[in-house]
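Data block for structure.txt (compact mmCIF, C-alpha atoms):
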```
# COMPACT_ATOMS: atom_id res chain seq x y z
CA LEU W 195 115.44 105.39 123.79
CA THR W 196 113.80 103.01 121.34
CA MET W 197 110.96 105.44 120.72
CA TRP W 198 113.35 108.31 119.91
CA PHE W 199 115.45 106.04 117.69
CA VAL W 200 112.32 105.09 115.71
CA ALA W 201 111.27 108.76 115.55
CA THR W 202 114.69 109.65 114.12
CA LEU W 203 114.44 106.90 111.50
CA ARG W 204 110.99 108.15 110.57
CA ALA W 205 112.19 111.74 110.28
CA LEU W 206 115.02 110.62 107.98
CA ASN W 207 112.50 108.79 105.77
CA LEU W 208 110.37 111.92 105.55
CA ARG W 209 113.03 114.44 104.61
CA ARG W 210 112.28 116.33 101.44
CA GLY W 211 115.68 116.78 99.85
CA PHE W 212 114.91 119.79 97.63
CA SER W 213 113.48 123.28 97.74
CA GLY W 214 110.84 124.79 95.50
CA SER W 215 107.71 123.26 94.08
CA VAL W 216 107.20 119.64 93.12
CA GLN W 217 106.27 120.60 89.57
CA GLU W 218 109.57 122.46 89.14
CA ARG W 219 111.41 119.43 90.52
CA VAL W 220 109.71 117.09 88.04
CA GLU W 221 110.45 119.43 85.13
CA ALA W 222 114.07 119.75 86.23
CA ALA W 223 114.35 115.96 86.45
CA LEU W 224 112.93 115.63 82.94
CA ARG W 225 115.53 118.09 81.57
CA ALA W 226 118.63 117.13 83.50
CA VAL W 227 120.72 114.09 84.21
CA PRO W 228 119.45 112.43 87.39
CA SER W 229 121.32 113.43 90.51
CA GLU W 230 121.53 111.68 93.84
CA ALA W 231 118.07 111.00 95.25
CA ARG W 232 117.69 112.75 98.58
CA GLY W 233 114.02 112.29 99.37
CA ALA W 234 110.89 110.36 98.46
CA VAL W 235 110.01 112.52 95.46
CA ASP W 236 113.56 112.27 94.11
CA ARG W 237 113.61 108.49 94.55
CA TYR W 238 110.25 108.20 92.77
CA LEU W 239 111.40 110.41 89.90
CA GLN W 240 114.64 108.49 89.54
CA SER W 241 112.81 105.13 89.37
CA ALA W 242 110.03 106.41 87.12
CA LEU W 243 112.31 108.18 84.67
CA GLY W 244 114.56 105.14 84.50
CA ALA W 245 111.52 103.04 83.61
CA LEU W 246 110.31 105.56 81.05
CA HIS W 247 113.59 105.24 79.16
CA ARG W 248 112.83 101.56 78.62
CA SER W 249 110.22 100.60 76.07
CA GLY W 250 106.89 99.21 77.18
CA THR W 251 106.55 101.30 80.32
CA CYS W 252 102.96 102.18 81.12
CA GLN W 253 101.17 104.08 83.87
CA HIS W 254 100.82 100.87 85.89
CA HIS W 255 104.62 100.66 86.23
CA LEU W 256 104.82 104.23 87.46
CA GLU W 257 102.03 103.60 89.96
CA ARG W 258 104.02 100.67 91.34
CA PHE W 259 107.01 102.96 91.91
CA LEU W 260 104.64 105.42 93.58
CA GLU W 261 103.37 102.70 95.94
CA ILE W 262 106.92 101.66 96.82
CA GLU W 263 107.78 105.22 97.85
CA ARG W 264 104.48 105.68 99.67
CA GLU W 265 105.21 102.55 101.72
CA ARG W 266 108.69 103.82 102.44
CA VAL W 267 107.31 107.18 103.63
CA THR W 268 104.87 105.47 105.99
CA ASP W 269 107.54 103.17 107.48
CA TYR W 270 107.82 103.21 111.26
CA GLY W 271 104.61 105.23 111.71
CA VAL W 272 102.63 102.45 113.36
CA LEU W 273 105.63 101.35 115.42
CA LEU W 274 106.20 104.88 116.68
CA MET W 275 102.55 105.30 117.67
CA GLY W 276 102.69 101.94 119.45
CA LEU W 277 105.74 102.98 121.45
CA VAL W 278 104.16 106.33 122.29
CA THR W 279 101.06 104.50 123.53
CA VAL W 280 103.06 102.03 125.61
CA ALA W 281 105.14 104.63 127.49
CA PRO W 282 102.34 105.95 129.76
CA LEU W 283 101.07 102.41 130.25
CA LEU W 284 104.47 101.37 131.58
CA GLY W 285 104.25 104.33 133.96
CA LEU W 286 100.84 103.09 135.05
CA LEU W 287 102.31 99.62 135.64
CA GLY W 288 104.94 101.19 137.91
CA THR W 289 102.21 103.12 139.71
CA VAL W 290 100.24 99.96 140.37
CA SER W 291 103.31 98.07 141.60
CA GLY W 292 104.23 100.97 143.91
CA MET W 293 100.71 101.04 145.35
CA ILE W 294 100.77 97.27 145.84
CA GLU W 295 104.04 97.64 147.73
CA THR W 296 102.48 100.38 149.86
CA PHE W 297 99.37 98.36 150.75
CA ALA W 298 101.42 95.22 151.40
CA SER W 299 103.59 97.09 153.91
CA MET W 300 100.50 98.45 155.63
CA GLN W 301 98.92 95.00 155.88
CA THR W 302 101.75 93.20 157.63
CA THR W 303 102.38 95.47 160.59
CA THR W 304 100.85 98.31 162.48
CA LEU W 305 101.80 101.83 161.47
CA THR W 306 105.12 102.57 163.07
CA HIS W 307 107.97 104.77 162.04
CA ALA W 308 109.48 101.99 159.85
CA THR W 309 106.23 101.26 158.04
CA GLU W 310 105.64 104.97 157.45
CA GLN W 311 108.94 105.03 155.55
CA THR W 312 107.88 101.95 153.59
CA VAL W 313 104.54 103.55 152.72
CA ALA W 314 106.29 106.74 151.63
CA GLY W 315 108.76 104.69 149.56
CA GLY W 316 105.95 102.81 147.81
CA ILE W 317 104.10 106.03 147.02
CA SER W 318 107.36 107.56 145.78
CA VAL W 319 107.90 104.64 143.38
CA ALA W 320 104.33 105.03 142.16
CA LEU W 321 104.68 108.76 141.53
CA ILE W 322 108.12 108.53 139.91
CA SER W 323 107.00 105.84 137.46
CA THR W 324 103.90 107.85 136.57
CA GLN W 325 106.03 110.93 136.00
CA LEU W 326 108.51 109.03 133.81
CA GLY W 327 105.72 107.48 131.73
CA LEU W 328 104.20 110.89 131.07
CA THR W 329 107.60 112.53 130.52
CA VAL W 330 108.34 110.05 127.75
CA GLY W 331 104.80 109.73 126.38
CA VAL W 332 103.75 113.36 125.97
CA PRO W 333 106.77 114.57 123.93
CA GLY W 334 106.65 111.29 122.01
CA MET W 335 103.02 111.94 121.10
CA ALA W 336 103.89 115.45 119.93
CA ALA W 337 106.75 114.09 117.79
CA ALA W 338 104.54 111.35 116.33
CA ARG W 339 101.82 113.87 115.39
CA PHE W 340 104.40 116.22 113.90
CA LEU W 341 105.87 113.41 111.79
CA ALA W 342 102.39 112.25 110.74
CA ARG W 343 101.77 115.71 109.27
CA PHE W 344 105.04 115.44 107.35
CA GLU W 345 104.00 112.00 106.12
CA ALA W 346 100.74 113.39 104.74
CA LYS W 347 102.64 116.20 103.04
CA ARG W 348 105.15 113.79 101.44
CA VAL W 349 102.34 111.56 100.17
CA ARG W 350 100.66 114.61 98.58
CA GLU W 351 103.97 115.57 96.98
CA LEU W 352 104.44 112.05 95.63
CA LEU W 353 100.94 112.08 94.14
CA GLN W 354 101.57 115.49 92.62
CA ALA W 355 104.92 114.37 91.13
CA HIS W 356 103.24 111.29 89.68
CA SER W 357 100.45 113.36 88.18
CA VAL W 358 102.82 115.90 86.64
CA LEU W 359 105.09 113.17 85.24
CA VAL W 360 102.22 111.21 83.70
CA GLN W 361 100.68 114.36 82.25
CA HIS W 362 103.97 115.68 80.92
CA ARG W 363 105.14 112.43 79.36
CA GLN W 364 101.76 111.27 78.01
CA VAL W 365 102.28 107.83 79.56
CA PRO W 366 99.92 105.15 78.19
CA LEU W 367 97.55 103.35 80.51
```
Take the structure I supplied and represent it as structure tokens, if you would.
Amino acid sequence: LTMWFVATLRALNLRRGFSGSVQERVEAALRAVPSEARGAVDRYLQSALGALHRSGTCQHHLERFLEIERERVTDYGVLLMGLVTVAPLLGLLGTVSGMIETFASMQTTTLTHATEQTVAGGISVALISTQLGLTVGVPGMAAARFLARFEAKRVRELLQAHSVLVQHRQVPL
């Protein structure tokens, strides 16, 4: 549940919030009154344009706003990958504990009907925990990779918006 909660938070951070090209979005933001920021590019444009209306704003200030949004876009990425990595390992832990239970039951008594059930129960625990670890880990890995591609796309869009804004406004270094 924690992994899917983090994946949802990450997806919300990566939403775009507009359609069309980034250049059109920057030009529209330069012409119009700022609207509600819905995504990383909008938040960057809102911060950068607000700073440009104040005197003394240079390219360094805009790059700081760019870094703030880039950090926001990459939030939860490492945590999500960590949770995705841990899920199969927890399944492996359950597998090992189930096998230990199986071997412990075999060690104490001779194989009778009761110990056969204990052996089967230990193997069942081992297989179920392995299955659960993989059931959580594999879709989690797919979601993490999918969101990583969106992260790379949002970072490219942020860099493009920054470039267009600096070029359009002739911002001093």
>> I'd like the interatomic distance between CA of Gln217 in chain W and CA of Arg348 in chain W, to a tenth of an Å.
In response: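 Spanning CA of Gln217 in chain W to CA of Arg348 in chain W is a straight-line distance of 13.7 Å.
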>> As an exercise, work out the distance from CA of Ser291 in chain W to CA of Thr196 in chain W in Å and give it to one decimal place.
In response: 23.3 Å
> For Ala355 in chain W, which of W:Thr202, W:Gln325, W:Asn207, W:Gln240 is the closest residue, counting all atoms listed in the file?
Replying inline: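 Smallest distance to Ala355 in chain W is found for W:Gln240.
Distances to Ala314 in chain W were evaluated for W:Gly327, W:Phe340, W:Glu295, W:Leu359 using all atoms listed in the file, and the minimum falls at W:Glu295.
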For Val349 in chain W, please output as a compact mmCIF listing (two decimals) with C-alpha atoms, in the frame of the given file all residues within 9 Å (counting all atoms listed in the file; exclusion window: fewer than 6 positions along the same chain).
```
# COMPACT_ATOMS: atom_id res chain seq x y z
CA ALA W 234 110.89 110.36 98.46
CA GLU W 263 107.78 105.22 97.85
CA ARG W 264 104.48 105.68 99.67
CA VAL W 267 107.31 107.18 103.63
CA THR W 268 104.87 105.47 105.99
```
>> List as a PyMOL selection string the protein and nucleic acid residues near Met335 in chain W, meaning an atom at most 12 Å away when all atoms listed in the file are counted, but skip any in the same chain fewer than 5 places from it.
In response: chain W and resi 197-198+201+271+274-282+327-330+340-342
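Here CA of Val272 in chain W and CA of Leu284 in chain W stand 18.3 Å from one another.
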> Using only C-alpha atoms, which residue out of W:Leu206, W:Ala222, W:Leu283, W:Ile317 lies closest to Ala298 in chain W?
Replying inline: W:Ile317
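Among W:Arg266, W:His362, W:Arg237, W:Arg343, the residue with the shortest atom-to-atom distance to Glu221 in chain W, counting all atoms listed in the file, is W:His362.
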Name the residues in contact with range 318-323 of chain W at a cut-off of 7 Å, using all atoms listed in the file, excluding same-chain residues fewer than 5 positions from it; report them as a short mmCIF file (atom, residue, chain, number, x, y, z; two decimals) with C-alpha atoms, keeping the file's coordinate frame.
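The result, written out as selection20.cif:
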```cif
data_model
loop_
_atom_site.label_atom_id
_atom_site.label_comp_id
_atom_site.auth_asym_id
_atom_site.auth_seq_id
_atom_site.Cartn_x
_atom_site.Cartn_y
_atom_site.Cartn_z
CA GLY W 285 104.25 104.33 133.96
CA GLY W 288 104.94 101.19 137.91
CA THR W 289 102.21 103.12 139.71
CA VAL W 290 100.24 99.96 140.37
CA GLY W 292 104.23 100.97 143.91
CA MET W 293 100.71 101.04 145.35
#
```
> Hey, what's within 12 Å of Phe212 in chain W if we count all atoms listed in the file and toss same-chain stuff fewer than 3 positions away? As a PyMOL selection string, please?
Replying inline: chain W and resi 209+215-220+222-223+229-237+351
